[in-house]
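Notes for the one structure printed next.
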Amino acid sequence: MAVFASGRGTNLQALLDAFPPGHPLGEVALVVSDREEAFALERARARGVEAVHLPWRKGRFAEEAQALLKARGIDLVLLAGFMRILPAPFVEAWYGRLLNIHPSLLPDYPGLHVHERVLAAREAFSGTTVHFVDQGVDTGPLLLQARVPVLPTDTPEALEARVLSVEHRAYPLAVRLLLLGLAGPEPLSLVLRRIWPEVPYRSRPYYLRAERALRAWGRSVEEVGFATDWARAAFLFAYRVEEELAGGVRYAVPLPRELEERVEALLGRVNSRA
Ligand code: GRF
């Protein structure tokens, strides 16, 4: 994996911690920054990970980055506080393997100065979103979201700190889901593709995870349908993945013992560090 970062790189740090060299699922092998003085580059070097400063020259950055990613055999690119908008051909070439983390519950509050805007609007909740990058800015299919409360006494800095601490758990978790084949940008099955336009944007990651959980269990939506215990178990898994991040919400679904065990086992796999 490569991480692109422009600044202090606390999310990069979380990714370096979660995916060190030799990790069986994948390792952060390269860190790229458009800013030479970015602390993110220091963090990479401190871990013995290759750190490259690529200056932002329109057109050139993406070409040079592409060549570097290819030369290093990178499969997945993670944007973590990367403050540039990558050009369309790059985004297209990496679609499905290019993630970003944003400090709000998208589609609400895309762009900059998120925490100030959230406070000004007196929102009760904010959070973070990991999403697949598409041609828009902070658009693209959702992979994972995590909510945090907004407190009446919050300053932008206090809210930022609360959001950041959940980001540091959410980003590695999202990457794990992707590496385990339990997340993707689009539905796999025809059944799901057919109903896709009706599925609300924010509900989509649950459907995508549920569908992939069924596949991990050797089943498919086509085979089991939506109103069976298998489907309920898959959705339970899909929701419970976010449960801990969301602050301990408990989803209760009565299921046969065998399926409950499958849900627990798959969650164990996702939440393990190995
Ligand atoms: C994070 O809040 C991330 O969501 C946003 O930029 C910030 C980067 O912080 N895209 P850091 O550099 O990872 O500390």
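Just so we're on the same page: first chain in the structure tokens is A, next is B, and so on; residues restart at 1 for each chain, and ligands are numbered from 1 in the order they show up.
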
Determine, for each residue of chain A having at least one atom at most 6 Å from an atom of ligand 1, the closest pair of atoms and their separation in Å to one decimal, counting only C-alpha atoms and all ligand atoms; order by chain and ascending number, as a Markdown table.
```
| residue | atom | partner | partner_atom_place_in_ligand_line | distance |
| --- | --- | --- | --- | --- |
| A:Gly7 | CA | ligand 1 | 12 (O) | 4.8 |
| A:Arg8 | CA | ligand 1 | 12 (O) | 4.3 |
| A:Gly9 | CA | ligand 1 | 12 (O) | 3.5 |
| A:Thr10 | CA | ligand 1 | 14 (O) | 3.6 |
| A:Asn11 | CA | ligand 1 | 13 (O) | 3.6 |
| A:Leu12 | CA | ligand 1 | 13 (O) | 5.7 |
| A:Ala80 | CA | ligand 1 | 13 (O) | 5.3 |
| A:Gly81 | CA | ligand 1 | 6 (O) | 3.5 |
| A:Ile101 | CA | ligand 1 | 4 (O) | 4.6 |
| A:His102 | CA | ligand 1 | 4 (O) | 3.7 |
| A:Pro103 | CA | ligand 1 | 4 (O) | 4.1 |
| A:Leu164 | CA | ligand 1 | 2 (O) | 5.7 |
```

Checklist entry - What lies within 12 Å of His53 of chain A using only C-alpha atoms, ignoring chain neighbours under 3 positions off, as a list in words? => result Phe4, Ala5, Ser6, Gly7, Leu30, Val31, Val32, Ser33, Asp34, Arg35, Glu36, Glu37, Ala38, Phe39, Ala40, Leu41, Glu42, Ala44, Arg45, Glu50, Trp56, Phe61, Glu64, Ala65 and Leu68 of chain A

Excluding Pro107 of chain A and its own-chain neighbours fewer than 5 positions away, which residues fall within 9 Å of it when counting only C-alpha atoms? Please give them as a tab-separated table (two decimals) with C-alpha atoms, in the first residue's frame.
```tsv
chain	number	residue	atom	x	y	z
A	138	ASP	CA	-15.31	13.91	-1.21
A	139	THR	CA	-17.87	11.96	-3.21
A	201	TYR	CA	-26.30	6.32	-0.34
A	202	ARG	CA	-25.56	5.89	3.37
```

Can you pull out every residue within 9 Å of segment 263-265 of chain A, counting only C-alpha atoms, but drop anything in the same chain fewer than 6 positions away, and send it as a PDB file with N, CA, C and O atoms, in the first residue's frame?
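Resulting contents of part-v4.pdb:
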```pdb
ATOM      1  N   ALA A 213     -19.941 -10.739   2.782  1.00  0.00           N
ATOM      2  CA  ALA A 213     -19.902 -11.700   3.900  1.00  0.00           C
ATOM      3  C   ALA A 213     -20.526 -13.021   3.438  1.00  0.00           C
ATOM      4  O   ALA A 213     -19.983 -14.099   3.705  1.00  0.00           O
ATOM      5  N   ALA A 233     -27.977 -12.725   8.961  1.00  0.00           N
ATOM      6  CA  ALA A 233     -26.644 -12.891   9.560  1.00  0.00           C
ATOM      7  C   ALA A 233     -25.635 -11.983   8.850  1.00  0.00           C
ATOM      8  O   ALA A 233     -24.801 -11.326   9.481  1.00  0.00           O
ATOM      9  N   ALA A 234     -25.737 -11.915   7.528  1.00  0.00           N
ATOM     10  CA  ALA A 234     -24.793 -11.100   6.747  1.00  0.00           C
ATOM     11  C   ALA A 234     -24.965  -9.620   7.086  1.00  0.00           C
ATOM     12  O   ALA A 234     -23.983  -8.890   7.245  1.00  0.00           O
ATOM     13  N   LEU A 236     -26.223  -8.478   9.893  1.00  0.00           N
ATOM     14  CA  LEU A 236     -25.769  -8.308  11.278  1.00  0.00           C
ATOM     15  C   LEU A 236     -24.262  -8.079  11.290  1.00  0.00           C
ATOM     16  O   LEU A 236     -23.758  -7.166  11.943  1.00  0.00           O
ATOM     17  N   PHE A 237     -23.550  -8.897  10.538  1.00  0.00           N
ATOM     18  CA  PHE A 237     -22.095  -8.699  10.417  1.00  0.00           C
ATOM     19  C   PHE A 237     -21.807  -7.284   9.900  1.00  0.00           C
ATOM     20  O   PHE A 237     -20.979  -6.562  10.458  1.00  0.00           O
ATOM     21  N   ARG A 240     -22.437  -4.773  12.599  1.00  0.00           N
ATOM     22  CA  ARG A 240     -21.616  -4.902  13.808  1.00  0.00           C
ATOM     23  C   ARG A 240     -20.163  -4.502  13.580  1.00  0.00           C
ATOM     24  O   ARG A 240     -19.482  -4.133  14.530  1.00  0.00           O
TER      25      ARG A 240
END
```

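If you measure from each of A:Leu98, A:Ala146, A:Leu178, A:Ala2 to Glu243 of chain A using only C-alpha atoms, the closest one turns out to be A:Ala146.
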
Item to check | For atom CA of Tyr95 of chain A and atom CA of Phe125 of chain A, the interatomic separation in Å (one decimal) | outcome: 29.7 Å

Need the shell around Ala238 of chain A: protein/DNA/RNA residues with any atom at most 8 Å away, counting only C-alpha atoms. Skip same-chain ones fewer than 3 positions apart. Format as an mmCIF file with N, CA and C atoms, in the first residue's frame?
```
data_model
loop_
_atom_site.group_PDB
_atom_site.id
_atom_site.type_symbol
_atom_site.label_atom_id
_atom_site.label_comp_id
_atom_site.auth_asym_id
_atom_site.auth_seq_id
_atom_site.Cartn_x
_atom_site.Cartn_y
_atom_site.Cartn_z
ATOM 1 N N TYR A 206 -23.501 -1.139 3.887
ATOM 2 C CA TYR A 206 -23.998 -2.320 4.613
ATOM 3 C C TYR A 206 -24.386 -3.424 3.634
ATOM 4 N N TYR A 207 -25.054 -3.024 2.564
ATOM 5 C CA TYR A 207 -25.432 -4.011 1.534
ATOM 6 C C TYR A 207 -24.182 -4.645 0.924
ATOM 7 N N ARG A 209 -21.182 -4.898 2.201
ATOM 8 C CA ARG A 209 -20.498 -5.786 3.154
ATOM 9 C C ARG A 209 -21.261 -7.085 3.339
ATOM 10 N N ALA A 210 -22.596 -6.962 3.422
ATOM 11 C CA ALA A 210 -23.422 -8.155 3.637
ATOM 12 C C ALA A 210 -23.241 -9.121 2.464
ATOM 13 N N ALA A 213 -19.941 -10.739 2.782
ATOM 14 C CA ALA A 213 -19.902 -11.700 3.900
ATOM 15 C C ALA A 213 -20.526 -13.021 3.438
ATOM 16 N N ALA A 234 -25.737 -11.915 7.528
ATOM 17 C CA ALA A 234 -24.793 -11.100 6.747
ATOM 18 C C ALA A 234 -24.965 -9.620 7.086
ATOM 19 N N PHE A 235 -26.214 -9.177 7.227
ATOM 20 C CA PHE A 235 -26.440 -7.768 7.589
ATOM 21 C C PHE A 235 -26.021 -7.492 9.029
ATOM 22 N N VAL A 241 -19.722 -4.534 12.338
ATOM 23 C CA VAL A 241 -18.381 -4.053 12.013
ATOM 24 C C VAL A 241 -18.197 -2.604 12.491
ATOM 25 N N GLU A 242 -19.256 -1.814 12.381
ATOM 26 C CA GLU A 242 -19.170 -0.401 12.771
ATOM 27 C C GLU A 242 -19.581 -0.167 14.211
#
```

Checklist entry - In segment 10-249 of chain A, what's helix (DSSP H, G or I) per DSSP? Answer as a PyMOL selection string? => result chain A and resi 10-18+39-46+60-71+88-94+114-120+156-179+190-198+201-216+221-224+229-243

Write to file, as a CSV table (one decimal), in the first residue's frame, the residues of the selection just made, with C-alpha atoms.
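Output saved as again-v8.csv:
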```
chain,number,residue,atom,x,y,z
A,10,THR,CA,-1.6,11.0,12.3
A,11,ASN,CA,-3.8,8.8,10.1
A,12,LEU,CA,-0.7,7.7,8.3
A,13,GLN,CA,0.7,6.7,11.7
A,14,ALA,CA,-2.3,4.6,12.5
A,15,LEU,CA,-1.9,2.9,9.1
A,16,LEU,CA,1.8,2.3,9.7
A,17,ASP,CA,1.0,0.8,13.1
A,18,ALA,CA,-1.7,-1.4,11.7
A,39,PHE,CA,5.7,15.5,9.1
A,40,ALA,CA,4.2,12.5,7.5
A,41,LEU,CA,7.5,11.9,5.6
A,42,GLU,CA,9.3,11.8,9.0
A,43,ARG,CA,6.9,9.3,10.4
A,44,ALA,CA,7.5,7.0,7.4
A,45,ARG,CA,11.3,7.3,7.7
A,46,ALA,CA,11.2,6.6,11.4
A,60,ARG,CA,3.4,15.9,-13.6
A,61,PHE,CA,2.6,14.8,-10.0
A,62,ALA,CA,0.1,12.2,-11.1
A,63,GLU,CA,2.4,10.9,-13.9
A,64,GLU,CA,5.4,10.6,-11.6
A,65,ALA,CA,3.3,9.1,-8.8
A,66,GLN,CA,1.9,6.5,-11.2
A,67,ALA,CA,5.4,5.5,-12.3
A,68,LEU,CA,6.6,5.2,-8.7
A,69,LEU,CA,3.5,3.1,-7.7
A,70,LYS,CA,4.1,0.8,-10.6
A,71,ALA,CA,7.8,0.4,-9.9
A,88,ALA,CA,-9.3,12.2,-13.6
A,89,PRO,CA,-7.0,9.7,-15.4
A,90,PHE,CA,-5.2,8.8,-12.1
A,91,VAL,CA,-8.5,8.4,-10.3
A,92,GLU,CA,-9.9,6.3,-13.1
A,93,ALA,CA,-6.9,4.0,-13.2
A,94,TRP,CA,-7.1,3.4,-9.5
A,114,VAL,CA,-15.6,20.9,8.3
A,115,HIS,CA,-15.6,21.2,12.1
A,116,GLU,CA,-16.3,25.0,12.1
A,117,ARG,CA,-19.3,24.4,9.7
A,118,VAL,CA,-20.6,21.4,11.8
A,119,LEU,CA,-20.5,23.6,15.0
A,120,ALA,CA,-22.1,26.6,13.2
A,156,PRO,CA,-13.4,23.2,16.4
A,157,GLU,CA,-10.2,21.8,18.0
A,158,ALA,CA,-12.0,19.7,20.5
A,159,LEU,CA,-14.3,18.3,17.9
A,160,GLU,CA,-11.4,17.7,15.6
A,161,ALA,CA,-9.6,15.7,18.3
A,162,ARG,CA,-12.7,13.5,18.9
A,163,VAL,CA,-13.1,12.9,15.2
A,164,LEU,CA,-9.4,12.1,14.7
A,165,SER,CA,-9.3,9.5,17.5
A,166,VAL,CA,-12.1,7.6,15.8
A,167,GLU,CA,-10.4,8.1,12.4
A,168,HIS,CA,-7.3,6.3,13.7
A,169,ARG,CA,-9.4,3.2,14.3
A,170,ALA,CA,-11.8,3.6,11.3
A,171,TYR,CA,-9.1,3.8,8.5
A,172,PRO,CA,-7.2,0.6,9.4
A,173,LEU,CA,-10.5,-1.2,9.9
A,174,ALA,CA,-11.8,0.0,6.4
A,175,VAL,CA,-8.5,-1.1,4.8
A,176,ARG,CA,-8.8,-4.5,6.5
A,177,LEU,CA,-12.3,-5.0,5.2
A,178,LEU,CA,-11.1,-4.2,1.7
A,179,LEU,CA,-8.0,-6.5,1.9
A,190,LEU,CA,-27.3,-8.8,-10.4
A,191,VAL,CA,-30.0,-8.8,-7.7
A,192,LEU,CA,-28.3,-6.1,-5.8
A,193,ARG,CA,-27.4,-4.1,-8.9
A,194,ARG,CA,-31.1,-4.1,-9.9
A,195,ILE,CA,-32.2,-2.5,-6.6
A,196,TRP,CA,-29.1,-0.3,-6.3
A,197,PRO,CA,-30.7,3.0,-7.4
A,198,GLU,CA,-33.3,2.6,-4.6
A,201,TYR,CA,-26.3,6.3,-0.3
A,202,ARG,CA,-25.6,5.9,3.4
A,203,SER,CA,-27.0,2.4,3.5
A,204,ARG,CA,-25.0,1.1,0.6
A,205,PRO,CA,-21.9,0.0,2.5
A,206,TYR,CA,-24.0,-2.3,4.6
A,207,TYR,CA,-25.4,-4.0,1.5
A,208,LEU,CA,-22.0,-4.3,0.0
A,209,ARG,CA,-20.5,-5.8,3.2
A,210,ALA,CA,-23.4,-8.2,3.6
A,211,GLU,CA,-23.1,-9.4,0.1
A,212,ARG,CA,-19.4,-10.0,0.5
A,213,ALA,CA,-19.9,-11.7,3.9
A,214,LEU,CA,-22.3,-14.1,2.2
A,215,ARG,CA,-19.6,-14.8,-0.4
A,216,ALA,CA,-17.0,-15.4,2.4
A,221,VAL,CA,-27.6,-13.2,-2.5
A,222,GLU,CA,-29.0,-15.0,-5.5
A,223,GLU,CA,-29.1,-18.2,-3.6
A,224,VAL,CA,-30.3,-17.1,-0.2
A,229,ASP,CA,-31.5,-16.1,8.2
A,230,TRP,CA,-28.4,-16.1,6.0
A,231,ALA,CA,-29.2,-12.6,4.8
A,232,ARG,CA,-29.9,-11.5,8.4
A,233,ALA,CA,-26.6,-12.9,9.6
A,234,ALA,CA,-24.8,-11.1,6.7
A,235,PHE,CA,-26.4,-7.8,7.6
A,236,LEU,CA,-25.8,-8.3,11.3
A,237,PHE,CA,-22.1,-8.7,10.4
A,238,ALA,CA,-22.3,-5.6,8.2
A,239,TYR,CA,-23.7,-3.5,11.0
A,240,ARG,CA,-21.6,-4.9,13.8
A,241,VAL,CA,-18.4,-4.1,12.0
A,242,GLU,CA,-19.2,-0.4,12.8
A,243,GLU,CA,-20.7,-1.1,16.1
```

Next on the checklist: As an exercise, work out the distance from atom CA of His131 of chain A to atom CA of Gly184 of chain A in Å and give it to one decimal place.
Outcome noted: 9.8 Å

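Considering the residues A:Val28, A:Leu112, A:Val148, A:Leu143 and counting only C-alpha atoms, Pro185 of chain A has its shortest atom-to-atom contact with A:Leu143.
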
Next on the checklist: I need the residues of segment 54-153 of chain A that end up classed as strand (DSSP E) by DSSP on the backbone, written out as JSON, numbers by chain.
Outcome noted: {"A": [77, 78, 79, 98, 99, 100, 101, 102, 125, 126, 127, 128, 129, 130, 131, 132, 142, 143, 144, 145, 146, 147, 148, 149]}

Limited to N, CA and C atoms, could you put the picked residues into a file as a short mmCIF file (atom, residue, chain, number, x, y, z; two decimals), in the first residue's frame?
```
data_model
loop_
_atom_site.label_atom_id
_atom_site.label_comp_id
_atom_site.auth_asym_id
_atom_site.auth_seq_id
_atom_site.Cartn_x
_atom_site.Cartn_y
_atom_site.Cartn_z
N VAL A 77 -3.91 2.57 -2.88
CA VAL A 77 -3.45 3.91 -2.53
C VAL A 77 -4.41 4.53 -1.52
N LEU A 78 -3.87 4.98 -0.41
CA LEU A 78 -4.68 5.53 0.68
C LEU A 78 -4.37 7.00 0.85
N LEU A 79 -5.36 7.85 0.63
CA LEU A 79 -5.16 9.29 0.84
C LEU A 79 -5.44 9.59 2.31
N LEU A 98 -8.40 3.04 -4.47
CA LEU A 98 -7.98 4.38 -4.05
C LEU A 98 -8.99 4.87 -3.00
N LEU A 99 -8.53 5.01 -1.75
CA LEU A 99 -9.43 5.40 -0.66
C LEU A 99 -9.04 6.77 -0.12
N ASN A 100 -10.04 7.42 0.50
CA ASN A 100 -9.79 8.68 1.19
C ASN A 100 -10.51 8.66 2.53
N ILE A 101 -9.98 9.42 3.48
CA ILE A 101 -10.71 9.60 4.74
C ILE A 101 -11.05 11.06 4.89
N HIS A 102 -12.30 11.31 5.30
CA HIS A 102 -12.79 12.69 5.41
C HIS A 102 -13.43 12.87 6.79
N PHE A 125 -24.39 15.35 15.86
CA PHE A 125 -23.38 14.34 15.56
C PHE A 125 -22.48 14.77 14.43
N SER A 126 -21.26 14.31 14.50
CA SER A 126 -20.38 14.39 13.34
C SER A 126 -19.70 13.03 13.22
N GLY A 127 -18.56 12.96 12.55
CA GLY A 127 -17.92 11.66 12.43
C GLY A 127 -16.91 11.65 11.33
N THR A 128 -16.66 10.46 10.83
CA THR A 128 -15.68 10.33 9.76
C THR A 128 -16.18 9.33 8.73
N THR A 129 -15.66 9.48 7.52
CA THR A 129 -16.04 8.61 6.42
C THR A 129 -14.80 8.13 5.69
N VAL A 130 -14.72 6.83 5.46
CA VAL A 130 -13.72 6.30 4.53
C VAL A 130 -14.49 5.95 3.26
N HIS A 131 -14.01 6.46 2.14
CA HIS A 131 -14.74 6.22 0.89
C HIS A 131 -13.79 5.95 -0.27
N PHE A 132 -14.32 5.28 -1.28
CA PHE A 132 -13.60 5.09 -2.53
C PHE A 132 -13.60 6.44 -3.25
N LEU A 142 -19.24 4.96 -0.33
CA LEU A 142 -18.80 4.88 1.06
C LEU A 142 -18.25 3.49 1.36
N LEU A 143 -17.23 3.44 2.21
CA LEU A 143 -16.76 2.15 2.69
C LEU A 143 -17.15 1.96 4.15
N LEU A 144 -16.95 3.00 4.94
CA LEU A 144 -17.20 2.89 6.38
C LEU A 144 -17.46 4.27 6.95
N GLN A 145 -18.40 4.36 7.91
CA GLN A 145 -18.59 5.63 8.61
C GLN A 145 -18.60 5.38 10.11
N ALA A 146 -18.16 6.36 10.87
CA ALA A 146 -18.22 6.25 12.32
C ALA A 146 -18.66 7.59 12.88
N ARG A 147 -19.61 7.53 13.81
CA ARG A 147 -20.20 8.74 14.36
C ARG A 147 -19.55 9.13 15.68
N VAL A 148 -19.46 10.41 15.94
CA VAL A 148 -19.10 10.87 17.28
C VAL A 148 -20.10 11.96 17.68
N PRO A 149 -20.35 12.14 18.98
CA PRO A 149 -21.25 13.22 19.39
C PRO A 149 -20.57 14.57 19.26
#
```

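In terms of minimum interatomic distance to Thr155 of chain A, A:Arg122 ranks closest within A:Gly218, A:Pro254, A:Gly140, A:Arg122, counting only C-alpha atoms.
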
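Atom CA of Leu188 of chain A is positioned 26.8 Å from atom CA of Asp108 of chain A.
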